[in-house]
Amino acid sequence: MPFDLASRLAERRAAHLYRQRPLLDGPQGPLVRVDGRELLAFCSNDYLGLANHPEVIAAMRAGAEQWGVGGGASHLVIGHSTPHHQLEEALAEFTGRPRALLFSTGYMANLAAVTALVGQGDTVLEDRLNHASLLDAGLLSGARFSRYLHNDAVSLAKRLDKAEGNTLVVSDGVFSMDGDLADLPALCAEARSKGAWVMVDDAHGCGPLGATGGGIVEHFGLGLDDVPVLVGTLGKAFGTAGAFVAGSEELIETLIQFARPYIYTTSQPPAVACASLKSLELLRTESWRRDHLNQLIARFRQGAAEIGLSLMASPTPIQPILVGDSERALKLSALLKERGLLVGAIRPPTVPVGGARLRVTLSAAHSEAQLEQLLEALAECWPQVQADA
């Protein structure tokens, strides 16, 4: 039999790496019903609590009434509707850039940007811990592909010295499994000194970071010259769906002309763009969401340190508890679930071997009492997991 799929699946089960999809029966929120159980969830990327916001729902409903439920065609045929265009203009203004281009998913946005900008004879340099979509984009581009040590400007500089052709330096803004920030000032300085462009995927920073939620570029006070290619995601802090690339007039026109994932796909439903416009408005005007979220982050880190948990250097809503062994990570997740809490165990190959963890994610929709419930449960469960070490 040429494809022994059963053996591959059995090996994954034996290594405690088998994945299953929790079935959500209801909207996103702190309290969810999953696989028939009521649980308090700390695993959603709905960082600002907008995914089930009544005004966002109303905007999507009104958008469907006016614009229908399908994009109809690609943007270049007849799928570029007024809500799409309005959202692009609003995102350009939000990021302080001349133009923005809307995509159906973050994965598509990353594939589109990298493959449209570099190819054979060029170089793409990426952080070792970049999201899979960025790594895939680098490999698919046909450019010379190399990964520098995580968040290491010295390692990047050594690879820049060997770069050929147009060179694109690519990094996450907030690393999705560790929650740490890219050292953009140092990375951008090295890239600029060698004439390279920087592309940042700020999927997890856009919304929670920055004085107005503008993300890691705003957090560090950087501009278009520092980060010519900025990618943001709408399916996380925005609470809706899709993604965008923001940059210069020439960049966006280049993507429209040459980015295959943009050219050859149907546009997202216009009603989703209507919902995103409303969530962008709330993100900008309701700064209390970021303030409350930052208070939750500080309290969680304080409480986790008192318990003796091994956290990572994250100032973001992503707060991983490093466990190490995949089986132990699964046990800690299961013990929490017995107590009514849902926190996912992240295992290889998503994280390095020996780096299994529980990925706690906090939301502005969480209350202080709910956070204390999580900390109390961790204080009970962690000693049991340590006993198995």
# chains A, B, ... in the order shown; residues from 1 in each chain; ligands from 1
call {"tool": "residues_around", "arguments": {"residues": "Thr123 in chain A", "least_positions_apart": "5", "cutoff": "10 Å", "atoms": "only C-alpha atoms", "output": "list in words"}}
result
Val118, Gly138, Ser141, Gly142, Ala143, Arg144, Phe145, Ser146, Arg159, Leu160, Lys162, Ala163, Glu164, Gly165, Asn166, Thr167, Leu168, Val169 and Ala196 of chain A
call {"tool": "write_last_selection", "arguments": {"atoms": "C-alpha atoms", "output": "compact mmCIF listing (two decimals), in the first residue's frame"}}
result
# COMPACT_ATOMS: atom_id res chain seq x y z
CA VAL A 118 10.81 38.14 -4.10
CA GLY A 138 9.46 31.98 1.95
CA SER A 141 8.76 32.18 -3.29
CA GLY A 142 11.69 30.53 -5.06
CA ALA A 143 14.06 33.01 -3.44
CA ARG A 144 17.12 31.97 -1.49
CA PHE A 145 15.60 31.19 1.92
CA SER A 146 17.36 31.32 5.28
CA ARG A 159 22.83 36.48 6.80
CA LEU A 160 22.32 39.92 5.31
CA LYS A 162 25.48 36.92 2.23
CA ALA A 163 22.16 38.03 0.70
CA GLU A 164 21.70 38.35 -3.04
CA GLY A 165 19.25 40.35 -5.14
CA ASN A 166 16.25 42.02 -3.53
CA THR A 167 16.26 41.05 0.15
CA LEU A 168 13.17 40.75 2.34
CA VAL A 169 13.49 40.38 6.12
CA ALA A 196 16.78 45.26 2.68
call {"tool": "select_by_dssp", "arguments": {"residues": "range 169-366 of chain A", "states": "strand (DSSP E)", "output": "PyMOL selection string"}}
result
chain A and resi 169-172+197-201+229-233+243-247+318-324+341-342+345-346+356-361
call {"tool": "write_last_selection", "arguments": {"atoms": "N, CA and C atoms", "output": "short mmCIF file (atom, residue, chain, number, x, y, z; two decimals), in the first residue's frame"}}
result
data_model
loop_
_atom_site.label_atom_id
_atom_site.label_comp_id
_atom_site.auth_asym_id
_atom_site.auth_seq_id
_atom_site.Cartn_x
_atom_site.Cartn_y
_atom_site.Cartn_z
N VAL A 169 13.38 40.89 4.75
CA VAL A 169 13.49 40.38 6.12
C VAL A 169 12.07 40.26 6.67
N VAL A 170 11.71 39.07 7.16
CA VAL A 170 10.33 38.80 7.55
C VAL A 170 10.28 38.34 9.01
N SER A 171 9.38 38.96 9.78
CA SER A 171 9.24 38.58 11.19
C SER A 171 7.80 38.72 11.63
N ASP A 172 7.40 37.84 12.55
CA ASP A 172 6.18 38.10 13.30
C ASP A 172 6.39 39.37 14.12
N TRP A 197 14.38 45.25 2.74
CA TRP A 197 13.04 45.62 3.21
C TRP A 197 12.65 44.74 4.38
N VAL A 198 11.80 45.29 5.26
CA VAL A 198 11.28 44.53 6.39
C VAL A 198 9.78 44.34 6.21
N MET A 199 9.33 43.11 6.43
CA MET A 199 7.91 42.77 6.42
C MET A 199 7.56 42.22 7.80
N VAL A 200 6.50 42.76 8.41
CA VAL A 200 6.07 42.30 9.73
C VAL A 200 4.64 41.80 9.66
N ASP A 201 4.45 40.59 10.17
CA ASP A 201 3.10 40.04 10.33
C ASP A 201 2.68 40.32 11.76
N VAL A 229 6.37 46.79 4.67
CA VAL A 229 5.28 45.83 4.45
C VAL A 229 4.71 45.43 5.80
N LEU A 230 3.48 45.86 6.08
CA LEU A 230 2.83 45.57 7.35
C LEU A 230 1.59 44.72 7.10
N VAL A 231 1.52 43.57 7.75
CA VAL A 231 0.38 42.67 7.63
C VAL A 231 -0.38 42.67 8.95
N GLY A 232 -1.69 42.76 8.87
CA GLY A 232 -2.54 42.68 10.04
C GLY A 232 -3.66 41.70 9.82
N THR A 233 -4.17 41.13 10.90
CA THR A 233 -5.23 40.12 10.82
C THR A 233 -6.50 40.67 11.46
N ALA A 243 -7.76 39.63 6.56
CA ALA A 243 -6.46 40.22 6.86
C ALA A 243 -6.20 41.34 5.87
N PHE A 244 -5.09 42.05 6.10
CA PHE A 244 -4.75 43.13 5.18
C PHE A 244 -3.25 43.31 5.13
N VAL A 245 -2.79 43.91 4.03
CA VAL A 245 -1.42 44.38 3.89
C VAL A 245 -1.49 45.88 3.72
N ALA A 246 -0.70 46.61 4.49
CA ALA A 246 -0.67 48.07 4.41
C ALA A 246 0.72 48.54 4.05
N GLY A 247 0.78 49.54 3.16
CA GLY A 247 2.08 50.06 2.74
C GLY A 247 1.92 51.18 1.75
N ILE A 318 -0.97 36.69 25.10
CA ILE A 318 -0.51 35.30 24.99
C ILE A 318 0.43 35.02 26.15
N GLN A 319 0.03 34.13 27.06
CA GLN A 319 0.81 33.83 28.26
C GLN A 319 1.05 32.32 28.34
N PRO A 320 2.08 31.82 27.68
CA PRO A 320 2.33 30.37 27.69
C PRO A 320 2.92 29.89 29.01
N ILE A 321 2.40 28.76 29.48
CA ILE A 321 2.96 28.08 30.65
C ILE A 321 3.83 26.94 30.14
N LEU A 322 5.12 27.07 30.27
CA LEU A 322 6.04 26.07 29.72
C LEU A 322 6.04 24.82 30.59
N VAL A 323 5.69 23.68 29.98
CA VAL A 323 5.63 22.40 30.69
C VAL A 323 6.77 21.50 30.25
N GLY A 324 7.06 21.47 28.94
CA GLY A 324 8.16 20.68 28.41
C GLY A 324 7.71 19.41 27.73
N LEU A 341 -12.35 24.55 33.11
CA LEU A 341 -11.54 25.55 32.41
C LEU A 341 -10.96 24.95 31.14
N LEU A 342 -11.00 25.71 30.05
CA LEU A 342 -10.49 25.23 28.77
C LEU A 342 -9.24 26.02 28.40
N ALA A 345 -3.40 22.61 25.11
CA ALA A 345 -2.01 22.15 25.18
C ALA A 345 -1.39 22.25 23.79
N ILE A 346 -0.31 22.98 23.68
CA ILE A 346 0.39 23.17 22.40
C ILE A 346 1.61 22.27 22.40
N ALA A 356 6.62 21.76 24.90
CA ALA A 356 5.16 21.71 25.06
C ALA A 356 4.71 22.67 26.15
N ARG A 357 3.54 23.24 25.96
CA ARG A 357 3.07 24.28 26.88
C ARG A 357 1.56 24.38 26.87
N LEU A 358 1.03 25.05 27.86
CA LEU A 358 -0.36 25.49 27.82
C LEU A 358 -0.36 26.95 27.38
N ARG A 359 -1.09 27.23 26.34
CA ARG A 359 -1.12 28.58 25.78
C ARG A 359 -2.35 29.31 26.33
N VAL A 360 -2.13 30.01 27.43
CA VAL A 360 -3.20 30.82 28.02
C VAL A 360 -3.34 32.10 27.20
N THR A 361 -4.56 32.41 26.75
CA THR A 361 -4.79 33.68 26.09
C THR A 361 -5.89 34.43 26.84
#
call {"tool": "closest_atom_pairs", "arguments": {"of": "range 217-321 of chain A", "to": "range 69-91 of chain A", "cutoff": "10 Å", "atoms": "only C-alpha atoms", "output": "Markdown table"}}
result
| residue | atom | partner | partner_atom | distance |
| --- | --- | --- | --- | --- |
| A:Gly232 | CA | A:Leu91 | CA | 9.4 |
| A:Phe244 | CA | A:Glu88 | CA | 8.0 |
| A:Val245 | CA | A:Leu91 | CA | 9.2 |
| A:Ala246 | CA | A:Leu91 | CA | 7.7 |
| A:Ile256 | CA | A:Leu76 | CA | 8.3 |
| A:Gln257 | CA | A:Leu76 | CA | 9.5 |
| A:Tyr262 | CA | A:His75 | CA | 7.9 |
| A:Ile263 | CA | A:Ser74 | CA | 6.7 |
| A:Tyr264 | CA | A:Ser74 | CA | 6.6 |
| A:Thr265 | CA | A:Ser74 | CA | 5.3 |
| A:Thr266 | CA | A:Ser74 | CA | 4.0 |
| A:Ser267 | CA | A:Gly71 | CA | 5.0 |
| A:Gln268 | CA | A:Gly71 | CA | 5.4 |
| A:Pro269 | CA | A:Gly71 | CA | 4.5 |
| A:Pro270 | CA | A:Pro83 | CA | 5.8 |
| A:Ala271 | CA | A:Val69 | CA | 6.7 |
| A:Val272 | CA | A:Pro83 | CA | 8.7 |
| A:Ala273 | CA | A:Pro83 | CA | 5.7 |
| A:Cys274 | CA | A:Pro83 | CA | 5.9 |
| A:Ala275 | CA | A:Pro83 | CA | 9.5 |
| A:Ser276 | CA | A:Leu87 | CA | 7.3 |
| A:Leu277 | CA | A:Leu87 | CA | 5.9 |
| A:Lys278 | CA | A:Leu87 | CA | 9.6 |
| A:Leu280 | CA | A:Leu91 | CA | 8.2 |
| A:Glu281 | CA | A:Ala90 | CA | 9.4 |
call {"tool": "residues_around", "arguments": {"residues": "Tyr107 in chain A", "least_positions_apart": "5", "cutoff": "10 Å", "atoms": "only C-alpha atoms", "output": "compact mmCIF listing (two decimals) with all heavy atoms, in the first residue's frame"}}
result
# COMPACT_ATOMS: atom_id res chain seq x y z
N ALA A 112 0.82 35.98 -0.29
CA ALA A 112 0.74 36.96 -1.37
C ALA A 112 1.90 37.94 -1.31
O ALA A 112 2.57 38.20 -2.33
CB ALA A 112 -0.59 37.70 -1.30
N HIS A 131 5.55 32.37 12.10
CA HIS A 131 4.35 31.57 11.85
C HIS A 131 4.53 30.71 10.60
O HIS A 131 5.24 31.09 9.66
CB HIS A 131 3.15 32.50 11.67
CG HIS A 131 1.84 31.79 11.59
ND1 HIS A 131 1.26 31.41 10.40
CD2 HIS A 131 0.99 31.35 12.56
CE1 HIS A 131 0.11 30.80 10.64
NE2 HIS A 131 -0.06 30.75 11.94
N ALA A 132 3.87 29.57 10.58
CA ALA A 132 4.00 28.63 9.47
C ALA A 132 3.69 29.27 8.12
O ALA A 132 4.32 28.94 7.11
CB ALA A 132 3.07 27.43 9.70
N SER A 133 2.74 30.20 8.07
CA SER A 133 2.38 30.82 6.80
C SER A 133 3.54 31.64 6.24
O SER A 133 3.75 31.69 5.02
CB SER A 133 1.15 31.71 6.97
OG SER A 133 1.38 32.74 7.91
N LEU A 134 4.31 32.28 7.11
CA LEU A 134 5.47 33.04 6.65
C LEU A 134 6.58 32.12 6.16
O LEU A 134 7.22 32.39 5.13
CB LEU A 134 6.00 33.92 7.79
CG LEU A 134 5.08 35.05 8.26
CD1 LEU A 134 5.66 35.72 9.50
CD2 LEU A 134 4.86 36.07 7.16
N ASP A 136 6.18 29.06 5.00
CA ASP A 136 5.72 28.47 3.74
C ASP A 136 5.88 29.46 2.60
O ASP A 136 6.28 29.09 1.48
CB ASP A 136 4.25 28.06 3.86
CG ASP A 136 4.05 26.83 4.74
OD1 ASP A 136 5.06 26.21 5.14
OD2 ASP A 136 2.89 26.49 5.03
N ALA A 137 5.56 30.72 2.86
CA ALA A 137 5.68 31.74 1.82
C ALA A 137 7.12 31.89 1.36
O ALA A 137 7.40 32.01 0.16
CB ALA A 137 5.15 33.08 2.34
N THR A 233 -4.17 41.13 10.90
CA THR A 233 -5.23 40.12 10.82
C THR A 233 -6.50 40.67 11.46
O THR A 233 -6.45 41.36 12.47
CB THR A 233 -4.79 38.83 11.54
OG1 THR A 233 -3.58 38.36 10.95
CG2 THR A 233 -5.84 37.75 11.40
N GLY A 242 -10.51 37.74 8.04
CA GLY A 242 -9.74 38.34 6.95
C GLY A 242 -8.43 38.91 7.44
O GLY A 242 -8.02 38.71 8.60
N ALA A 243 -7.76 39.63 6.56
CA ALA A 243 -6.46 40.22 6.86
C ALA A 243 -6.20 41.34 5.87
O ALA A 243 -6.97 41.55 4.94
CB ALA A 243 -5.36 39.16 6.78
N PRO A 261 -2.28 34.77 -4.70
CA PRO A 261 -3.36 34.49 -3.75
C PRO A 261 -4.43 35.58 -3.70
O PRO A 261 -5.54 35.33 -3.24
CB PRO A 261 -2.62 34.40 -2.40
CG PRO A 261 -1.23 34.02 -2.77
CD PRO A 261 -0.95 34.75 -4.03
call {"tool": "select_by_dssp", "arguments": {"residues": "range 73-108 of chain A", "states": "alpha helix (DSSP H)", "output": "list of chain:residue names"}}
result
A:Thr82, A:Pro83, A:His84, A:His85, A:Gln86, A:Leu87, A:Glu88, A:Glu89, A:Ala90, A:Leu91, A:Ala92, A:Glu93, A:Phe94, A:Thr95, A:Gly106, A:Tyr107, A:Met108
call {"tool": "write_last_selection", "arguments": {"atoms": "N, CA, C and O atoms", "output": "mmCIF file, in the first residue's frame"}}
result
data_model
loop_
_atom_site.group_PDB
_atom_site.id
_atom_site.type_symbol
_atom_site.label_atom_id
_atom_site.label_comp_id
_atom_site.auth_asym_id
_atom_site.auth_seq_id
_atom_site.Cartn_x
_atom_site.Cartn_y
_atom_site.Cartn_z
ATOM 1 N N THR A 82 -18.200 48.001 -2.414
ATOM 2 C CA THR A 82 -17.987 49.245 -1.664
ATOM 3 C C THR A 82 -17.524 48.998 -0.227
ATOM 4 O O THR A 82 -16.601 49.677 0.241
ATOM 5 N N PRO A 83 -18.113 48.050 0.529
ATOM 6 C CA PRO A 83 -17.603 47.813 1.889
ATOM 7 C C PRO A 83 -16.144 47.382 1.918
ATOM 8 O O PRO A 83 -15.397 47.765 2.829
ATOM 9 N N HIS A 84 -15.709 46.581 0.944
ATOM 10 C CA HIS A 84 -14.297 46.196 0.862
ATOM 11 C C HIS A 84 -13.437 47.450 0.719
ATOM 12 O O HIS A 84 -12.420 47.614 1.404
ATOM 13 N N HIS A 85 -13.845 48.321 -0.181
ATOM 14 C CA HIS A 85 -13.065 49.524 -0.470
ATOM 15 C C HIS A 85 -13.044 50.459 0.736
ATOM 16 O O HIS A 85 -11.994 51.023 1.084
ATOM 17 N N GLN A 86 -14.179 50.598 1.389
ATOM 18 C CA GLN A 86 -14.246 51.448 2.573
ATOM 19 C C GLN A 86 -13.364 50.913 3.696
ATOM 20 O O GLN A 86 -12.699 51.682 4.404
ATOM 21 N N LEU A 87 -13.342 49.603 3.856
ATOM 22 C CA LEU A 87 -12.505 48.998 4.889
ATOM 23 C C LEU A 87 -11.031 49.212 4.575
ATOM 24 O O LEU A 87 -10.236 49.514 5.475
ATOM 25 N N GLU A 88 -10.646 49.047 3.314
ATOM 26 C CA GLU A 88 -9.255 49.292 2.938
ATOM 27 C C GLU A 88 -8.843 50.731 3.243
ATOM 28 O O GLU A 88 -7.748 50.980 3.771
ATOM 29 N N GLU A 89 -9.703 51.675 2.934
ATOM 30 C CA GLU A 89 -9.388 53.077 3.211
ATOM 31 C C GLU A 89 -9.273 53.324 4.720
ATOM 32 O O GLU A 89 -8.380 54.051 5.180
ATOM 33 N N ALA A 90 -10.163 52.701 5.495
ATOM 34 C CA ALA A 90 -10.125 52.871 6.945
ATOM 35 C C ALA A 90 -8.875 52.240 7.546
ATOM 36 O O ALA A 90 -8.273 52.785 8.485
ATOM 37 N N LEU A 91 -8.459 51.081 7.025
ATOM 38 C CA LEU A 91 -7.258 50.412 7.527
ATOM 39 C C LEU A 91 -6.000 51.192 7.156
ATOM 40 O O LEU A 91 -5.037 51.225 7.934
ATOM 41 N N ALA A 92 -5.984 51.805 5.990
ATOM 42 C CA ALA A 92 -4.850 52.652 5.608
ATOM 43 C C ALA A 92 -4.727 53.825 6.579
ATOM 44 O O ALA A 92 -3.629 54.158 7.058
ATOM 45 N N GLU A 93 -5.845 54.454 6.889
ATOM 46 C CA GLU A 93 -5.834 55.573 7.821
ATOM 47 C C GLU A 93 -5.421 55.109 9.222
ATOM 48 O O GLU A 93 -4.645 55.775 9.911
ATOM 49 N N PHE A 94 -5.917 53.949 9.640
ATOM 50 C CA PHE A 94 -5.613 53.385 10.954
ATOM 51 C C PHE A 94 -4.124 53.115 11.106
ATOM 52 O O PHE A 94 -3.530 53.376 12.161
ATOM 53 N N THR A 95 -3.485 52.597 10.067
ATOM 54 C CA THR A 95 -2.063 52.250 10.126
ATOM 55 C C THR A 95 -1.162 53.422 9.751
ATOM 56 O O THR A 95 0.068 53.305 9.861
ATOM 57 N N GLY A 106 -5.266 35.582 6.869
ATOM 58 C CA GLY A 106 -3.898 35.983 7.132
ATOM 59 C C GLY A 106 -2.894 35.123 6.388
ATOM 60 O O GLY A 106 -1.846 35.611 5.952
ATOM 61 N N TYR A 107 -3.193 33.851 6.263
ATOM 62 C CA TYR A 107 -2.302 32.944 5.526
ATOM 63 C C TYR A 107 -2.134 33.429 4.083
ATOM 64 O O TYR A 107 -1.025 33.505 3.551
ATOM 65 N N MET A 108 -3.263 33.810 3.466
ATOM 66 C CA MET A 108 -3.219 34.306 2.088
ATOM 67 C C MET A 108 -2.439 35.605 1.989
ATOM 68 O O MET A 108 -1.680 35.824 1.030
#
call {"tool": "atom_distance", "arguments": {"atom1": "CA of Lys337 in chain A", "atom2": "CA of Pro22 in chain A"}}
result
12.3 Å
call {"tool": "atom_distance", "arguments": {"atom1": "CA of Leu140 in chain A", "atom2": "CA of Gly119 in chain A"}}
result
8.8 Å
call {"tool": "atom_distance", "arguments": {"atom1": "CA of Cys206 in chain A", "atom2": "CA of Gly96 in chain A"}}
result
13.3 Å
call {"tool": "residues_around", "arguments": {"residues": "range 366-368 of chain A", "least_positions_apart": "5", "cutoff": "9 Å", "atoms": "only C-alpha atoms", "output": "list of chain:residue names"}}
result
A:Gly29, A:Pro30, A:Phe42, A:Gly49, A:His292, A:Leu293, A:Gln295, A:Leu296, A:Arg299, A:Gln373
call {"tool": "closest_residue", "arguments": {"among": "A:Gly63, A:Pro185, A:Gly308, A:Gly340", "to": "Asp226 in chain A", "atoms": "only C-alpha atoms"}}
result
A:Pro185
call {"tool": "residues_around", "arguments": {"residues": "Glu190 in chain A", "least_positions_apart": "5", "cutoff": "8 Å", "atoms": "only C-alpha atoms", "output": "number ranges by chain"}}
result
A: 153, 156-157
call {"tool": "write_last_selection", "arguments": {"atoms": "C-alpha atoms", "output": "compact mmCIF listing (two decimals), in the first residue's frame"}}
result
# COMPACT_ATOMS: atom_id res chain seq x y z
CA ALA A 153 19.88 41.07 15.09
CA LEU A 156 20.33 38.53 10.91
CA ALA A 157 23.31 40.75 10.08
call {"tool": "closest_residue", "arguments": {"among": "A:Ala182, A:Ala241, A:Leu282, A:Ala15", "to": "Thr212 in chain A", "atoms": "only C-alpha atoms"}}
result
A:Leu282
call {"tool": "residues_around", "arguments": {"residues": "Asp291 in chain A", "least_positions_apart": "4", "cutoff": "12 Å", "atoms": "only C-alpha atoms", "output": "PyMOL selection string"}}
result
chain A and resi 47-48+207-213+283+286-287+295-298+317+363-365
call {"tool": "closest_residue", "arguments": {"among": "A:Leu311, A:Ala259, A:Ile252, A:Leu332", "to": "Ala100 in chain A", "atoms": "only C-alpha atoms"}}
result
A:Ile252
